[in-house]
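Peer 1: Input file: data38.txt. Contents: compact mmCIF, C-alpha atoms.
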```txt
# COMPACT_ATOMS: atom_id res chain seq x y z
CA MET A 971 -5.37 7.58 25.66
CA ALA A 972 -6.52 7.95 22.09
CA ASP A 973 -8.84 10.79 21.16
CA ALA A 974 -12.01 10.72 19.04
CA ALA A 975 -10.32 11.67 15.77
CA PHE A 976 -7.91 8.77 16.16
CA LEU A 977 -10.73 6.29 16.82
CA ALA A 978 -12.75 7.53 13.83
CA LEU A 979 -9.70 7.34 11.57
CA SER A 980 -8.81 3.83 12.71
CA VAL A 981 -12.37 2.60 12.10
CA LEU A 982 -12.31 4.18 8.62
CA THR A 983 -8.89 2.77 7.76
CA ILE A 984 -9.37 -0.80 8.96
CA GLY A 985 -12.98 -1.00 7.76
CA SER A 986 -12.15 0.14 4.27
CA ALA A 987 -9.11 -2.16 4.18
CA ILE A 988 -11.44 -5.10 4.84
CA ALA A 989 -13.89 -3.71 2.26
CA ALA A 990 -11.11 -3.40 -0.33
CA LEU A 991 -10.38 -7.10 -0.03
CA GLU A 992 -13.89 -8.46 0.52
CA LEU A 993 -16.27 -6.51 -1.74
CA ARG A 994 -17.29 -8.54 -4.76
CA SER A 995 -16.61 -5.93 -7.43
CA LEU A 996 -13.04 -4.78 -8.03
CA VAL A 997 -14.22 -1.22 -8.72
CA TYR A 998 -15.74 -0.93 -5.25
CA GLY A 999 -12.61 -2.63 -3.90
CA ALA A 1000 -10.46 0.08 -5.48
CA ILE A 1001 -12.66 2.76 -3.86
CA GLY A 1002 -12.22 0.98 -0.51
CA LEU A 1003 -8.47 1.02 -1.05
CA MET A 1004 -8.72 4.79 -1.60
CA GLY A 1005 -10.43 5.02 1.82
CA THR A 1006 -7.58 3.09 3.44
CA LEU A 1007 -4.91 5.29 1.85
CA GLY A 1008 -6.79 8.45 2.82
CA GLY A 1009 -7.15 7.17 6.39
CA VAL A 1010 -3.40 6.59 6.62
CA ALA A 1011 -2.90 10.15 5.34
CA GLY A 1012 -5.14 11.28 8.21
CA PHE A 1013 -2.91 9.40 10.66
CA PHE A 1014 0.06 11.29 9.23
CA PHE A 1015 -1.76 14.56 9.96
CA LEU A 1016 -2.35 13.37 13.54
CA LEU A 1017 1.36 12.61 13.81
CA ASP A 1018 2.22 16.27 12.97
CA SER A 1019 3.80 15.43 9.64
CA PRO A 1020 1.67 17.30 7.09
CA PHE A 1021 4.32 17.08 4.37
CA VAL A 1022 4.21 13.27 4.29
CA ALA A 1023 0.40 13.37 4.53
CA LEU A 1024 0.07 15.61 1.48
CA PHE A 1025 2.63 13.50 -0.39
CA GLN A 1026 0.56 10.43 0.47
CA ILE A 1027 -2.63 12.06 -0.80
CA ALA A 1028 -0.96 13.26 -4.01
CA VAL A 1029 0.80 10.00 -4.83
CA TYR A 1030 -1.53 7.32 -3.47
CA VAL A 1031 -5.06 8.71 -3.56
CA GLY A 1032 -4.34 10.90 -6.56
CA SER A 1033 -2.39 8.69 -8.90
CA ILE A 1034 -2.12 5.06 -7.78
CA ALA A 1035 -5.83 4.62 -7.06
CA VAL A 1036 -6.73 6.19 -10.42
CA LEU A 1037 -4.17 3.95 -12.16
CA ILE A 1038 -5.75 0.88 -10.52
CA LEU A 1039 -9.25 2.06 -11.53
CA PHE A 1040 -8.18 2.43 -15.16
CA THR A 1041 -6.55 -1.02 -15.14
CA VAL A 1042 -9.75 -2.50 -13.71
CA MET A 1043 -11.66 -0.89 -16.58
CA LEU A 1044 -9.33 -2.56 -19.10
CA VAL A 1045 -10.17 -6.13 -18.08
CA LYS A 1046 -13.30 -8.00 -19.06
CA ARG A 1047 -16.47 -7.32 -17.16
CA GLU A 1048 -17.02 -10.79 -15.73
CA LEU A 1049 -13.46 -10.99 -14.43
CA ILE A 1050 -13.80 -8.07 -12.03
CA PHE A 1051 -16.35 -9.97 -9.94
CA THR A 1052 -14.96 -12.48 -7.47
CA LYS A 1053 -15.95 -16.07 -7.93
CA ILE A 1054 -16.88 -18.09 -4.87
CA GLU A 1055 -13.71 -18.94 -2.99
CA ASP A 1056 -12.73 -22.17 -1.39
CA PRO A 1057 -14.12 -21.78 2.18
CA LYS A 1058 -11.37 -23.97 3.63
CA ARG A 1059 -8.71 -21.65 2.25
CA LYS A 1060 -10.61 -18.61 3.48
CA TRP A 1061 -10.88 -19.90 7.05
CA ALA A 1062 -7.21 -20.89 6.98
CA GLY A 1063 -6.38 -17.32 5.91
CA ILE A 1064 -8.52 -15.82 8.69
CA GLY A 1065 -6.83 -18.14 11.21
CA LEU A 1066 -3.40 -17.12 9.96
CA MET A 1067 -4.36 -13.44 10.27
CA LEU A 1068 -5.67 -13.87 13.83
CA ILE A 1069 -2.64 -15.89 14.97
CA PHE A 1070 -0.35 -13.27 13.46
CA MET A 1071 -2.21 -10.33 15.00
CA VAL A 1072 -2.41 -11.92 18.47
CA ALA A 1073 1.26 -12.96 18.45
CA ILE A 1074 2.67 -9.64 17.28
CA GLY A 1075 0.16 -7.71 19.40
CA ALA A 1076 1.14 -9.66 22.53
CA VAL A 1077 4.82 -9.01 21.88
CA ILE A 1078 4.18 -5.28 21.36
CA LEU A 1079 1.89 -4.92 24.39
CA ASP A 1080 4.46 -6.70 26.51
CA SER A 1081 7.31 -4.46 25.40
CA GLY A 1082 8.20 -1.06 26.74
CA LEU A 1083 6.40 0.77 23.90
CA LYS A 1084 3.30 1.13 26.05
CA SER A 1085 4.63 4.02 28.09
CA VAL A 1086 6.19 6.03 25.26
CA THR A 1087 4.80 9.54 25.06
CA THR A 1088 6.37 12.75 23.89
CA ASP A 1089 6.02 16.42 24.67
CA GLU A 1090 8.69 17.57 22.26
CA PRO A 1091 7.80 19.77 19.28
CA PRO A 1092 7.28 17.97 15.97
CA VAL A 1093 9.99 17.77 13.34
CA ASP A 1094 9.95 20.76 11.03
CA PHE A 1095 9.57 19.91 7.37
CA ARG A 1096 12.58 22.09 6.53
CA GLU A 1097 14.67 19.43 8.25
CA ILE A 1098 13.34 16.86 5.79
CA GLY A 1099 14.44 19.03 2.89
CA ASP A 1100 17.85 19.41 4.49
CA ASP A 1101 18.09 15.63 4.89
CA PHE A 1102 17.17 15.03 1.26
CA LEU A 1103 19.73 17.44 -0.11
CA THR A 1104 22.64 16.74 2.23
CA TYR A 1105 22.82 13.31 3.83
CA TYR A 1106 20.49 11.40 1.50
CA TRP A 1107 21.41 12.96 -1.86
CA PRO A 1108 22.82 9.75 -3.43
CA ALA A 1109 19.65 7.92 -2.43
CA LEU A 1110 17.55 10.73 -3.93
CA ILE A 1111 19.35 10.48 -7.28
CA LEU A 1112 19.07 6.67 -7.19
CA MET A 1113 15.35 6.97 -6.48
CA ALA A 1114 14.90 9.30 -9.45
CA LEU A 1115 16.70 6.81 -11.71
CA ILE A 1116 14.60 3.92 -10.37
CA LEU A 1117 11.38 5.88 -10.98
CA ALA A 1118 12.42 6.77 -14.54
CA GLY A 1119 13.49 3.19 -15.23
CA SER A 1120 10.33 1.65 -13.84
CA VAL A 1121 8.03 4.01 -15.73
CA THR A 1122 9.93 3.28 -18.96
CA GLY A 1123 9.75 -0.43 -18.18
CA ALA A 1124 6.00 -0.23 -17.55
CA LEU A 1125 5.47 1.56 -20.87
CA VAL A 1126 7.57 -1.01 -22.76
CA LEU A 1127 5.75 -3.91 -21.08
CA ALA A 1128 2.26 -2.60 -21.74
CA ARG A 1129 2.92 -1.69 -25.39
CA ARG A 1130 0.98 -3.66 -27.99
CA GLU A 1131 3.34 -5.50 -30.28
CA ASP A 1132 0.90 -6.94 -32.82
CA GLU A 1133 0.44 -3.67 -34.72
CA ILE A 1134 4.18 -3.27 -35.22
CA SER A 1135 4.63 -6.84 -36.40
CA GLU A 1136 1.79 -6.38 -38.91
CA GLN A 1137 3.62 -3.42 -40.37
CA ARG A 1138 6.78 -5.48 -40.69
CA THR A 1139 5.10 -8.30 -42.58
CA ASP A 1140 3.55 -5.92 -45.11
CA MET B 1279 -0.15 15.09 22.12
CA SER B 1280 -2.95 12.88 23.39
CA ASN B 1281 -2.29 9.82 21.24
CA GLU B 1282 0.41 7.40 22.29
CA LEU B 1283 2.83 5.44 20.17
CA ILE B 1284 1.21 2.12 21.04
CA ASP B 1285 -2.11 3.15 19.39
CA PHE B 1286 -0.48 3.76 16.03
CA VAL B 1287 1.54 0.54 16.26
CA ILE B 1288 -1.62 -1.47 17.00
CA VAL B 1289 -3.39 0.00 13.96
CA SER B 1290 -0.31 -0.84 11.90
CA VAL B 1291 -0.34 -4.46 13.11
CA ALA B 1292 -4.04 -4.72 12.21
CA LEU B 1293 -3.39 -3.42 8.69
CA LEU B 1294 -0.46 -5.83 8.30
CA GLY B 1295 -2.65 -8.77 9.36
CA ILE B 1296 -5.39 -7.81 6.90
CA GLY B 1297 -2.79 -7.53 4.14
CA ILE B 1298 -1.35 -10.96 4.91
CA TYR B 1299 -4.87 -12.42 4.88
CA GLY B 1300 -5.48 -10.88 1.45
CA LEU B 1301 -2.19 -12.13 0.04
CA SER B 1302 -2.79 -15.67 1.23
CA VAL B 1303 -6.48 -16.06 0.35
CA LYS B 1304 -7.24 -13.97 -2.72
CA ARG B 1305 -6.51 -15.39 -6.16
CA ASN B 1306 -7.20 -12.25 -8.20
CA ALA B 1307 -3.98 -10.51 -9.28
CA ILE B 1308 -5.32 -6.96 -8.82
CA ARG B 1309 -6.68 -7.81 -5.37
CA MET B 1310 -3.29 -9.18 -4.35
CA LEU B 1311 -1.84 -5.83 -5.40
CA PHE B 1312 -4.37 -4.16 -3.05
CA ALA B 1313 -3.07 -6.36 -0.23
CA ILE B 1314 0.53 -5.38 -1.00
CA GLU B 1315 -0.47 -1.69 -0.91
CA ILE B 1316 -2.11 -2.16 2.51
CA ILE B 1317 1.06 -3.82 3.87
CA ILE B 1318 3.27 -1.00 2.52
CA ASN B 1319 0.99 1.57 4.15
CA ALA B 1320 1.24 -0.24 7.50
CA ALA B 1321 5.03 0.01 7.23
CA ASN B 1322 4.88 3.73 6.37
CA LEU B 1323 2.59 4.40 9.34
CA ASN B 1324 5.12 2.71 11.62
CA LEU B 1325 8.00 4.75 10.19
CA VAL B 1326 6.25 8.08 10.67
CA ALA B 1327 4.94 7.16 14.15
CA PHE B 1328 8.36 6.17 15.46
CA GLY B 1329 9.91 9.22 13.79
CA ARG B 1330 7.42 11.46 15.61
CA PHE B 1331 7.97 9.96 19.04
CA ILE B 1332 11.78 9.80 19.01
CA PRO B 1333 11.65 12.65 17.52
CA HIS B 1334 13.87 12.53 14.47
CA SER B 1335 13.42 13.59 10.86
CA GLY B 1336 14.68 10.24 9.53
CA GLY B 1337 11.29 8.56 9.89
CA GLN B 1338 9.53 11.01 7.58
CA THR B 1339 12.40 10.96 5.09
CA LEU B 1340 12.34 7.17 4.86
CA ALA B 1341 8.54 7.22 4.54
CA LEU B 1342 8.82 9.58 1.58
CA PHE B 1343 11.36 7.26 -0.10
CA SER B 1344 9.08 4.30 0.58
CA ILE B 1345 6.04 6.02 -0.94
CA ALA B 1346 7.97 6.88 -4.11
CA ILE B 1347 9.31 3.34 -4.54
CA ALA B 1348 5.82 1.91 -3.93
CA ALA B 1349 4.48 4.10 -6.74
CA ALA B 1350 7.07 2.64 -9.13
CA GLU B 1351 6.23 -0.87 -7.95
CA VAL B 1352 2.52 -0.39 -8.63
CA ALA B 1353 3.18 0.93 -12.15
CA VAL B 1354 5.31 -2.10 -13.04
CA GLY B 1355 2.92 -4.54 -11.32
CA LEU B 1356 -0.13 -3.23 -13.16
CA SER B 1357 1.61 -3.40 -16.54
CA LEU B 1358 2.68 -6.99 -15.77
CA ILE B 1359 -0.96 -7.80 -14.96
CA ILE B 1360 -2.04 -6.27 -18.28
CA VAL B 1361 0.57 -8.33 -20.19
CA ALA B 1362 -0.58 -11.51 -18.43
CA TYR B 1363 -4.22 -10.60 -19.14
CA ARG B 1364 -3.41 -10.28 -22.85
CA MET B 1365 -1.70 -13.67 -22.83
CA TYR B 1366 -4.28 -15.66 -20.83
CA GLN B 1367 -7.45 -13.49 -21.08
CA ASN B 1368 -7.73 -13.85 -17.29
CA ILE B 1369 -6.39 -12.20 -14.14
CA ASP B 1370 -6.74 -15.23 -11.88
CA ILE B 1371 -3.25 -16.25 -10.80
CA ALA B 1372 -4.26 -19.93 -10.74
CA ASP B 1373 -4.25 -19.70 -14.55
CA PHE B 1374 -0.76 -18.22 -14.80
CA ARG B 1375 0.84 -21.65 -14.88
CA SER B 1376 3.63 -20.94 -17.34
CA LEU B 1377 4.82 -17.38 -17.78
CA LYS B 1378 7.24 -18.04 -20.64
CA GLY B 1379 6.52 -16.12 -23.80
```
Kindly transcribe the structure held in the file into structure tokens.

Peer 2:
Amino acid sequence: MADAAFLALSVLTIGSAIAALELRSLVYGAIGLMGTLGGVAGFFFLLDSPFVALFQIAVYVGSIAVLILFTVMLVKRELIFTKIEDPKRKWAGIGLMLIFMVAIGAVILDSGLKSVTTDEPPVDFREIGDDFLTYYWPALILMALILAGSVTGALVLARREDEISEQRTD
Amino acid sequence: MSNELIDFVIVSVALLGIGIYGLSVKRNAIRMLFAIEIIINAANLNLVAFGRFIPHSGGQTLALFSIAIAAAEVAVGLSLIIVAYRMYQNIDIADFRSLKG
């Protein structure tokens, strides 16, 4: 059975996920998203994997949420408030979500996952380092190249071109 | 360990459902990015939970890869939103009818 910390974390995570999508202002939505990401980091602590939890806090709560906040500040003020949505579409979306949750939940509850427990010691984070540098080293190098390429691509995309073209016409 | 695997999987299914709702209903580009982030986090939670209960280090390793790739995806997605905002002065995806330059 789940303990109190798990219940508190799940309420925080799911509640702030709903808040991230439903609050009218995008700034408050971004703060709700930070709550969701921090709650998932808490789940990682509960799962005895502090390395992944700290990575999650550093990458998601530390950088991605701040990046989203700065992007929200770059757009016009009236655009960051949601206009009234089509209620038919909204109810269709809620129905889709409920059907999906009930279907997948029924499949999972019916499967043998219900009785899985473990008494074994958690995986040591030294093993993760070993994995990265032995078995997964080509994937690690590929990931570094993808990160460098995507950051370069983001910079090239977001660059303003009008100033350069003005210089050329002069 | 007092928590069971099924608890974490149920929370993950709930997050996945909320993310699918956001992707299908919301028409604001940044909010759709929020929904994608929630779905990716549900997947990461599943990876780490199964890796803890097997137990095997592969779950955490794959979760770390997934987090890094998601960071790259958000950087590119936000810069695409900024480019589209400059073109259309709007971030509503109903207005992004033609994306040719």

Peer 1: As a compact mmCIF listing (two decimals) with C-alpha atoms, keeping the file's coordinate frame, please: the residues near Leu996 in chain A (cut-off 9 Å, all atoms listed in the file, same-chain neighbours under 5 positions excluded).

Peer 2:
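Wrote around_36.txt, looks like this:
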```
# COMPACT_ATOMS: atom_id res chain seq x y z
CA ALA A 990 -11.11 -3.40 -0.33
CA LEU A 991 -10.38 -7.10 -0.03
CA ILE A 1001 -12.66 2.76 -3.86
CA LEU A 1039 -9.25 2.06 -11.53
CA VAL A 1042 -9.75 -2.50 -13.71
CA LEU A 1049 -13.46 -10.99 -14.43
CA ILE A 1050 -13.80 -8.07 -12.03
CA PHE A 1051 -16.35 -9.97 -9.94
CA THR A 1052 -14.96 -12.48 -7.47
CA ILE B 1308 -5.32 -6.96 -8.82
CA ARG B 1309 -6.68 -7.81 -5.37
```

Peer 1: List the residues sitting within 12 Å of (-15.1, -1.6, 3.7) in the file's frame, using all atoms listed in the file, as a PyMOL selection string.

Peer 2: (chain A and resi 981-994+998-1006) or (chain B and resi 1296)

Peer 1: Mind writing the picked residues with C-alpha atoms as a PDB file, keeping the file's coordinate frame?

Peer 2:
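The result, written out as again_28.pdb:
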```
ATOM      1  CA  VAL A 981     -12.370   2.600  12.100  1.00  0.00           C
ATOM      2  CA  LEU A 982     -12.310   4.180   8.620  1.00  0.00           C
ATOM      3  CA  THR A 983      -8.890   2.770   7.760  1.00  0.00           C
ATOM      4  CA  ILE A 984      -9.370  -0.800   8.960  1.00  0.00           C
ATOM      5  CA  GLY A 985     -12.980  -1.000   7.760  1.00  0.00           C
ATOM      6  CA  SER A 986     -12.150   0.140   4.270  1.00  0.00           C
ATOM      7  CA  ALA A 987      -9.110  -2.160   4.180  1.00  0.00           C
ATOM      8  CA  ILE A 988     -11.440  -5.100   4.840  1.00  0.00           C
ATOM      9  CA  ALA A 989     -13.890  -3.710   2.260  1.00  0.00           C
ATOM     10  CA  ALA A 990     -11.110  -3.400  -0.330  1.00  0.00           C
ATOM     11  CA  LEU A 991     -10.380  -7.100  -0.030  1.00  0.00           C
ATOM     12  CA  GLU A 992     -13.890  -8.460   0.520  1.00  0.00           C
ATOM     13  CA  LEU A 993     -16.270  -6.510  -1.740  1.00  0.00           C
ATOM     14  CA  ARG A 994     -17.290  -8.540  -4.760  1.00  0.00           C
ATOM     15  CA  TYR A 998     -15.740  -0.930  -5.250  1.00  0.00           C
ATOM     16  CA  GLY A 999     -12.610  -2.630  -3.900  1.00  0.00           C
ATOM     17  CA  ALA A1000     -10.460   0.080  -5.480  1.00  0.00           C
ATOM     18  CA  ILE A1001     -12.660   2.760  -3.860  1.00  0.00           C
ATOM     19  CA  GLY A1002     -12.220   0.980  -0.510  1.00  0.00           C
ATOM     20  CA  LEU A1003      -8.470   1.020  -1.050  1.00  0.00           C
ATOM     21  CA  MET A1004      -8.720   4.790  -1.600  1.00  0.00           C
ATOM     22  CA  GLY A1005     -10.430   5.020   1.820  1.00  0.00           C
ATOM     23  CA  THR A1006      -7.580   3.090   3.440  1.00  0.00           C
TER      24      THR A1006
ATOM     25  CA  ILE B1296      -5.390  -7.810   6.900  1.00  0.00           C
TER      26      ILE B1296
END
```

Peer 1: Please list as a list in words every residue within 9 Å of range 1054-1059 of chain A, counting all atoms listed in the file and excluding residues in the same chain fewer than 6 positions away.

Peer 2: Ser1302, Val1303, Lys1304 and Arg1305 of chain B

Peer 1: Near range 1074-1090 of chain A, counting only C-alpha atoms, which residues have an atom at most 10 Å away, once you skip same-chain residues fewer than 2 positions from it, shown as a PDB file with C-alpha atoms, keeping the file's coordinate frame?

Peer 2:
```pdb
ATOM      1  CA  LEU A1068      -5.670 -13.870  13.830  1.00  0.00           C
ATOM      2  CA  ILE A1069      -2.640 -15.890  14.970  1.00  0.00           C
ATOM      3  CA  PHE A1070      -0.350 -13.270  13.460  1.00  0.00           C
ATOM      4  CA  MET A1071      -2.210 -10.330  15.000  1.00  0.00           C
ATOM      5  CA  VAL A1072      -2.410 -11.920  18.470  1.00  0.00           C
ATOM      6  CA  PRO A1092       7.280  17.970  15.970  1.00  0.00           C
ATOM      7  CA  VAL A1093       9.990  17.770  13.340  1.00  0.00           C
TER       8      VAL A1093
ATOM      9  CA  MET B1279      -0.150  15.090  22.120  1.00  0.00           C
ATOM     10  CA  SER B1280      -2.950  12.880  23.390  1.00  0.00           C
ATOM     11  CA  ASN B1281      -2.290   9.820  21.240  1.00  0.00           C
ATOM     12  CA  GLU B1282       0.410   7.400  22.290  1.00  0.00           C
ATOM     13  CA  LEU B1283       2.830   5.440  20.170  1.00  0.00           C
ATOM     14  CA  ILE B1284       1.210   2.120  21.040  1.00  0.00           C
ATOM     15  CA  ASP B1285      -2.110   3.150  19.390  1.00  0.00           C
ATOM     16  CA  VAL B1287       1.540   0.540  16.260  1.00  0.00           C
ATOM     17  CA  ILE B1288      -1.620  -1.470  17.000  1.00  0.00           C
ATOM     18  CA  VAL B1291      -0.340  -4.460  13.110  1.00  0.00           C
ATOM     19  CA  ALA B1292      -4.040  -4.720  12.210  1.00  0.00           C
ATOM     20  CA  GLY B1295      -2.650  -8.770   9.360  1.00  0.00           C
ATOM     21  CA  ARG B1330       7.420  11.460  15.610  1.00  0.00           C
ATOM     22  CA  PHE B1331       7.970   9.960  19.040  1.00  0.00           C
ATOM     23  CA  ILE B1332      11.780   9.800  19.010  1.00  0.00           C
ATOM     24  CA  PRO B1333      11.650  12.650  17.520  1.00  0.00           C
TER      25      PRO B1333
END
```

Peer 1: Using only the atoms of range 1360-1364 of chain B listed in the file, plus 8 Å on each side, state the axis-aligned box centre and edge lengths in Å rounded to one decimal, as AutoDock Vina command-line options.

Peer 2:
```
--center_x -1.8 --center_y -8.9 --center_z -20.6 --size_x 20.8 --size_y 21.2 --size_z 20.6
```

Peer 1: Would you mind putting N, CA and C atoms back on range 1311-1339 of chain B and writing the result as a PDB file, keeping the file's coordinate frame?

Peer 2:
```pdb
ATOM      1  N   LEU B1311      -2.532  -7.114  -5.406  1.00  0.00           N
ATOM      2  CA  LEU B1311      -1.840  -5.830  -5.400  1.00  0.00           C
ATOM      3  C   LEU B1311      -2.417  -4.893  -4.340  1.00  0.00           C
ATOM      4  N   PHE B1312      -3.757  -4.940  -4.135  1.00  0.00           N
ATOM      5  CA  PHE B1312      -4.370  -4.160  -3.050  1.00  0.00           C
ATOM      6  C   PHE B1312      -3.748  -4.557  -1.715  1.00  0.00           C
ATOM      7  N   ALA B1313      -3.605  -5.889  -1.511  1.00  0.00           N
ATOM      8  CA  ALA B1313      -3.070  -6.360  -0.230  1.00  0.00           C
ATOM      9  C   ALA B1313      -1.641  -5.868  -0.026  1.00  0.00           C
ATOM     10  N   ILE B1314      -0.842  -5.874  -1.122  1.00  0.00           N
ATOM     11  CA  ILE B1314       0.530  -5.380  -1.000  1.00  0.00           C
ATOM     12  C   ILE B1314       0.530  -3.901  -0.632  1.00  0.00           C
ATOM     13  N   GLU B1315      -0.383  -3.125  -1.236  1.00  0.00           N
ATOM     14  CA  GLU B1315      -0.470  -1.690  -0.910  1.00  0.00           C
ATOM     15  C   GLU B1315      -0.796  -1.487   0.565  1.00  0.00           C
ATOM     16  N   ILE B1316      -1.731  -2.316   1.091  1.00  0.00           N
ATOM     17  CA  ILE B1316      -2.110  -2.160   2.510  1.00  0.00           C
ATOM     18  C   ILE B1316      -0.905  -2.455   3.402  1.00  0.00           C
ATOM     19  N   ILE B1317      -0.106  -3.493   3.050  1.00  0.00           N
ATOM     20  CA  ILE B1317       1.060  -3.820   3.870  1.00  0.00           C
ATOM     21  C   ILE B1317       2.077  -2.676   3.826  1.00  0.00           C
ATOM     22  N   ILE B1318       2.299  -2.098   2.635  1.00  0.00           N
ATOM     23  CA  ILE B1318       3.270  -1.000   2.520  1.00  0.00           C
ATOM     24  C   ILE B1318       2.811   0.197   3.348  1.00  0.00           C
ATOM     25  N   ASN B1319       1.483   0.450   3.364  1.00  0.00           N
ATOM     26  CA  ASN B1319       0.990   1.570   4.150  1.00  0.00           C
ATOM     27  C   ASN B1319       1.149   1.341   5.639  1.00  0.00           C
ATOM     28  N   ALA B1320       0.997   0.069   6.080  1.00  0.00           N
ATOM     29  CA  ALA B1320       1.240  -0.240   7.500  1.00  0.00           C
ATOM     30  C   ALA B1320       2.688   0.082   7.858  1.00  0.00           C
ATOM     31  N   ALA B1321       3.625  -0.272   6.963  1.00  0.00           N
ATOM     32  CA  ALA B1321       5.030   0.010   7.230  1.00  0.00           C
ATOM     33  C   ALA B1321       5.289   1.503   7.291  1.00  0.00           C
ATOM     34  N   ASN B1322       4.675   2.279   6.365  1.00  0.00           N
ATOM     35  CA  ASN B1322       4.880   3.730   6.370  1.00  0.00           C
ATOM     36  C   ASN B1322       4.351   4.361   7.652  1.00  0.00           C
ATOM     37  N   LEU B1323       3.180   3.862   8.101  1.00  0.00           N
ATOM     38  CA  LEU B1323       2.590   4.400   9.340  1.00  0.00           C
ATOM     39  C   LEU B1323       3.529   4.173  10.518  1.00  0.00           C
ATOM     40  N   ASN B1324       4.153   2.976  10.567  1.00  0.00           N
ATOM     41  CA  ASN B1324       5.120   2.710  11.620  1.00  0.00           C
ATOM     42  C   ASN B1324       6.299   3.652  11.557  1.00  0.00           C
ATOM     43  N   LEU B1325       6.826   3.872  10.341  1.00  0.00           N
ATOM     44  CA  LEU B1325       8.000   4.750  10.190  1.00  0.00           C
ATOM     45  C   LEU B1325       7.698   6.139  10.707  1.00  0.00           C
ATOM     46  N   VAL B1326       6.549   6.702  10.270  1.00  0.00           N
ATOM     47  CA  VAL B1326       6.250   8.080  10.670  1.00  0.00           C
ATOM     48  C   VAL B1326       5.955   8.162  12.158  1.00  0.00           C
ATOM     49  N   ALA B1327       5.267   7.123  12.714  1.00  0.00           N
ATOM     50  CA  ALA B1327       4.940   7.160  14.150  1.00  0.00           C
ATOM     51  C   ALA B1327       6.203   7.134  14.995  1.00  0.00           C
ATOM     52  N   PHE B1328       7.127   6.213  14.667  1.00  0.00           N
ATOM     53  CA  PHE B1328       8.360   6.170  15.460  1.00  0.00           C
ATOM     54  C   PHE B1328       9.184   7.434  15.265  1.00  0.00           C
ATOM     55  N   GLY B1329       9.177   7.988  14.016  1.00  0.00           N
ATOM     56  CA  GLY B1329       9.910   9.220  13.790  1.00  0.00           C
ATOM     57  C   GLY B1329       9.343  10.393  14.575  1.00  0.00           C
ATOM     58  N   ARG B1330       8.014  10.365  14.839  1.00  0.00           N
ATOM     59  CA  ARG B1330       7.420  11.460  15.610  1.00  0.00           C
ATOM     60  C   ARG B1330       7.746  11.337  17.084  1.00  0.00           C
ATOM     61  N   PHE B1331       7.836  10.114  17.586  1.00  0.00           N
ATOM     62  CA  PHE B1331       7.970   9.960  19.040  1.00  0.00           C
ATOM     63  C   PHE B1331       9.419   9.928  19.490  1.00  0.00           C
ATOM     64  N   ILE B1332      10.388   9.841  18.527  1.00  0.00           N
ATOM     65  CA  ILE B1332      11.780   9.800  19.010  1.00  0.00           C
ATOM     66  C   ILE B1332      12.282  11.153  19.496  1.00  0.00           C
ATOM     67  N   PRO B1333      12.047  12.335  18.892  1.00  0.00           N
ATOM     68  CA  PRO B1333      11.650  12.650  17.520  1.00  0.00           C
ATOM     69  C   PRO B1333      12.882  12.854  16.639  1.00  0.00           C
ATOM     70  N   HIS B1334      12.754  12.449  15.400  1.00  0.00           N
ATOM     71  CA  HIS B1334      13.870  12.530  14.470  1.00  0.00           C
ATOM     72  C   HIS B1334      13.278  12.656  13.069  1.00  0.00           C
ATOM     73  N   SER B1335      13.973  13.378  12.189  1.00  0.00           N
ATOM     74  CA  SER B1335      13.420  13.590  10.860  1.00  0.00           C
ATOM     75  C   SER B1335      13.614  12.382   9.956  1.00  0.00           C
ATOM     76  N   GLY B1336      14.405  11.388  10.395  1.00  0.00           N
ATOM     77  CA  GLY B1336      14.680  10.240   9.530  1.00  0.00           C
ATOM     78  C   GLY B1336      13.455   9.416   9.206  1.00  0.00           C
ATOM     79  N   GLY B1337      12.492   9.342  10.150  1.00  0.00           N
ATOM     80  CA  GLY B1337      11.290   8.560   9.890  1.00  0.00           C
ATOM     81  C   GLY B1337      10.505   9.097   8.712  1.00  0.00           C
ATOM     82  N   GLN B1338      10.295  10.425   8.695  1.00  0.00           N
ATOM     83  CA  GLN B1338       9.530  11.010   7.580  1.00  0.00           C
ATOM     84  C   GLN B1338      10.291  10.894   6.278  1.00  0.00           C
ATOM     85  N   THR B1339      11.625  11.058   6.326  1.00  0.00           N
ATOM     86  CA  THR B1339      12.400  10.960   5.090  1.00  0.00           C
ATOM     87  C   THR B1339      12.296   9.562   4.501  1.00  0.00           C
TER      88      THR B1339
END
```
